[in-house]
Amino acid sequence: EKSLRSEEAITEGLRSVWQVMLESMYTGCHTEGTLPGGLNVRRRAFDSHKTLIGDSQYSTTEEWVEAIRNTEVKFRQILKWVSCFALAVNEVNASLGRVVTAPTNGSAGVIPAVMMYYMVIENHKATFADVRQFLLVAGEIGSLFKKGATISAAMGGCQAEIGVSSAMAAGALTELMGGTPDQVLMASEIAMEHHL
């Protein structure tokens, strides 16, 4: 990345990417009703989020992150939160909202959901430095798939889309949890293997 951009440009680009991811999760969690398109598909992230967040008060995405950190998250709720974040992004995508293709629009919810899990459940002291590292590692893993195979569902099916995003997220989360480079790659491989 440094051969193409300055350190500052990389950081600002990643900050912009994370902001869009955060806003898409926030928007999806706070928009009720049905998705456009005439099939009358009810939005589910709103109800799920409402149940999980409780009576917490906030007015910005930053306050929202803190509000989630301050809720008591029981073990059985962890996957509900992660699913809520991913579903929120997918609903924003389905309603023609702004999301980050990570690596594709169809799988755009995985990367932000796993990063958000790390920030609000796993490590309450996580900062943008953690987000930056997560996105850099996830991006590199994604580029390995793009160069060596495909990320296109049209060419490689669901494994190319959701499998790659899951591999990217698994590797990046392992990095933030202190994994070695070998462990990062093993986590990515295991995630991809389970999408066969």
# chains A, B, ... in the order shown; residues from 1 in each chain; ligands from 1
$ residues_around --residues "Phe75 in chain A" --least-positions-apart "6" --cutoff "12 Å" --atoms "only C-alpha atoms" --output "list of chain:residue names"
A:Trp81, A:Val82, A:Ile121, A:Glu122
$ select_by_dssp --residues "range 64-196 of chain A" --states "helix (DSSP H, G or I)" --output "ChimeraX atom specification"
/A:64-69,75-94,110-122,128-148,153-176,181-193
$ closest_residue --among "A:Thr174, A:Ser95, A:Gln133, A:Thr71" --to "Gly54 in chain A" --atoms "only C-alpha atoms"
A:Thr71
$ residues_around --residues "Arg42 in chain A" --least-positions-apart "5" --cutoff "7 Å" --atoms "only C-alpha atoms" --output "PyMOL selection string"
chain A and resi 33-35
$ write_last_selection --atoms "all heavy atoms" --output "PDB file, in the first residue's frame"
ATOM      1  N   GLY A  33     -39.542  -0.578   8.749  1.00  0.00           N
ATOM      2  CA  GLY A  33     -40.418  -0.623   7.586  1.00  0.00           C
ATOM      3  C   GLY A  33     -40.089  -1.792   6.688  1.00  0.00           C
ATOM      4  O   GLY A  33     -39.595  -2.825   7.140  1.00  0.00           O
ATOM      5  N   THR A  34     -40.363  -1.611   5.408  1.00  0.00           N
ATOM      6  CA  THR A  34     -40.101  -2.667   4.437  1.00  0.00           C
ATOM      7  C   THR A  34     -39.052  -2.201   3.438  1.00  0.00           C
ATOM      8  O   THR A  34     -38.900  -1.001   3.184  1.00  0.00           O
ATOM      9  CB  THR A  34     -41.378  -3.074   3.676  1.00  0.00           C
ATOM     10  OG1 THR A  34     -41.900  -1.917   3.026  1.00  0.00           O
ATOM     11  CG2 THR A  34     -42.421  -3.659   4.598  1.00  0.00           C
ATOM     12  N   LEU A  35     -38.357  -3.159   2.862  1.00  0.00           N
ATOM     13  CA  LEU A  35     -37.354  -2.854   1.848  1.00  0.00           C
ATOM     14  C   LEU A  35     -38.051  -2.520   0.535  1.00  0.00           C
ATOM     15  O   LEU A  35     -39.126  -3.049   0.248  1.00  0.00           O
ATOM     16  CB  LEU A  35     -36.414  -4.047   1.665  1.00  0.00           C
ATOM     17  CG  LEU A  35     -35.522  -4.360   2.858  1.00  0.00           C
ATOM     18  CD1 LEU A  35     -34.855  -5.716   2.688  1.00  0.00           C
ATOM     19  CD2 LEU A  35     -34.487  -3.272   3.052  1.00  0.00           C
TER      20      LEU A  35
END
$ closest_atom_pairs --of "range 129-172 of chain A" --to "range 107-110 of chain A" --cutoff "12 Å" --atoms "only C-alpha atoms" --output "tab-separated table"
residue	atom	partner	partner_atom	distance
A:Ala138	CA	A:Val110	CA	11.0
A:Ile151	CA	A:Ser107	CA	10.2
A:Ser152	CA	A:Ser107	CA	10.8
A:Ala153	CA	A:Ser107	CA	10.0
A:Cys158	CA	A:Ser107	CA	9.3
A:Gln159	CA	A:Ser107	CA	10.5
A:Ala160	CA	A:Ser107	CA	9.8
A:Glu161	CA	A:Ser107	CA	6.1
A:Ile162	CA	A:Ser107	CA	5.3
A:Gly163	CA	A:Ser107	CA	8.8
A:Val164	CA	A:Ser107	CA	8.7
A:Ser165	CA	A:Val110	CA	6.2
A:Ser166	CA	A:Val110	CA	6.5
A:Ala167	CA	A:Val110	CA	9.8
A:Met168	CA	A:Val110	CA	8.9
A:Ala169	CA	A:Val110	CA	7.0
A:Ala170	CA	A:Val110	CA	9.8
A:Ala172	CA	A:Val110	CA	11.7
$ write_last_selection --atoms "N, CA, C and O atoms" --output "CSV table (one decimal), in the first residue's frame"
chain,number,residue,atom,x,y,z
A,138,ALA,N,-7.5,-7.4,6.5
A,138,ALA,CA,-8.6,-7.9,5.7
A,138,ALA,C,-8.5,-7.6,4.2
A,138,ALA,O,-8.7,-8.5,3.4
A,151,ILE,N,-13.4,-13.0,-6.5
A,151,ILE,CA,-14.4,-12.6,-5.5
A,151,ILE,C,-15.8,-12.4,-6.1
A,151,ILE,O,-16.7,-12.0,-5.5
A,152,SER,N,-15.9,-12.8,-7.4
A,152,SER,CA,-17.1,-12.6,-8.1
A,152,SER,C,-18.1,-13.8,-7.9
A,152,SER,O,-17.7,-15.0,-8.2
A,153,ALA,N,-19.3,-13.6,-7.4
A,153,ALA,CA,-20.2,-14.6,-7.2
A,153,ALA,C,-20.7,-15.2,-8.6
A,153,ALA,O,-21.0,-16.4,-8.7
A,158,CYS,N,-21.3,-18.5,-4.3
A,158,CYS,CA,-21.4,-17.8,-3.0
A,158,CYS,C,-20.1,-17.9,-2.2
A,158,CYS,O,-19.7,-17.0,-1.5
A,159,GLN,N,-19.3,-18.9,-2.4
A,159,GLN,CA,-18.0,-19.1,-1.8
A,159,GLN,C,-17.1,-17.9,-2.1
A,159,GLN,O,-16.4,-17.4,-1.3
A,160,ALA,N,-17.2,-17.5,-3.4
A,160,ALA,CA,-16.3,-16.4,-3.8
A,160,ALA,C,-16.7,-15.1,-3.1
A,160,ALA,O,-15.9,-14.2,-2.9
A,161,GLU,N,-17.9,-15.0,-2.8
A,161,GLU,CA,-18.4,-13.7,-2.2
A,161,GLU,C,-18.4,-13.8,-0.6
A,161,GLU,O,-17.6,-13.1,0.0
A,162,ILE,N,-19.3,-14.5,-0.1
A,162,ILE,CA,-19.4,-14.6,1.4
A,162,ILE,C,-18.2,-15.4,2.0
A,162,ILE,O,-17.7,-15.1,3.1
A,163,GLY,N,-17.7,-16.3,1.3
A,163,GLY,CA,-16.5,-17.1,1.7
A,163,GLY,C,-15.3,-16.2,1.9
A,163,GLY,O,-14.6,-16.2,2.9
A,164,VAL,N,-15.1,-15.3,0.9
A,164,VAL,CA,-13.9,-14.4,0.9
A,164,VAL,C,-14.1,-13.4,2.0
A,164,VAL,O,-13.2,-13.1,2.8
A,165,SER,N,-15.3,-12.8,2.1
A,165,SER,CA,-15.5,-11.8,3.2
A,165,SER,C,-15.3,-12.4,4.6
A,165,SER,O,-14.7,-11.8,5.5
A,166,SER,N,-15.8,-13.7,4.7
A,166,SER,CA,-15.6,-14.4,6.0
A,166,SER,C,-14.1,-14.6,6.3
A,166,SER,O,-13.6,-14.5,7.4
A,167,ALA,N,-13.4,-15.0,5.2
A,167,ALA,CA,-11.9,-15.3,5.4
A,167,ALA,C,-11.2,-14.0,5.7
A,167,ALA,O,-10.3,-14.0,6.6
A,168,MET,N,-11.6,-12.9,5.1
A,168,MET,CA,-11.0,-11.6,5.4
A,168,MET,C,-11.3,-11.2,6.9
A,168,MET,O,-10.3,-10.8,7.6
A,169,ALA,N,-12.5,-11.4,7.3
A,169,ALA,CA,-12.9,-11.0,8.7
A,169,ALA,C,-12.2,-11.9,9.7
A,169,ALA,O,-11.7,-11.4,10.7
A,170,ALA,N,-12.1,-13.2,9.4
A,170,ALA,CA,-11.5,-14.1,10.4
A,170,ALA,C,-10.0,-13.8,10.5
A,170,ALA,O,-9.5,-13.8,11.7
A,172,ALA,N,-8.4,-11.0,9.9
A,172,ALA,CA,-8.2,-9.7,10.5
A,172,ALA,C,-8.5,-9.7,12.0
A,172,ALA,O,-7.8,-9.1,12.8
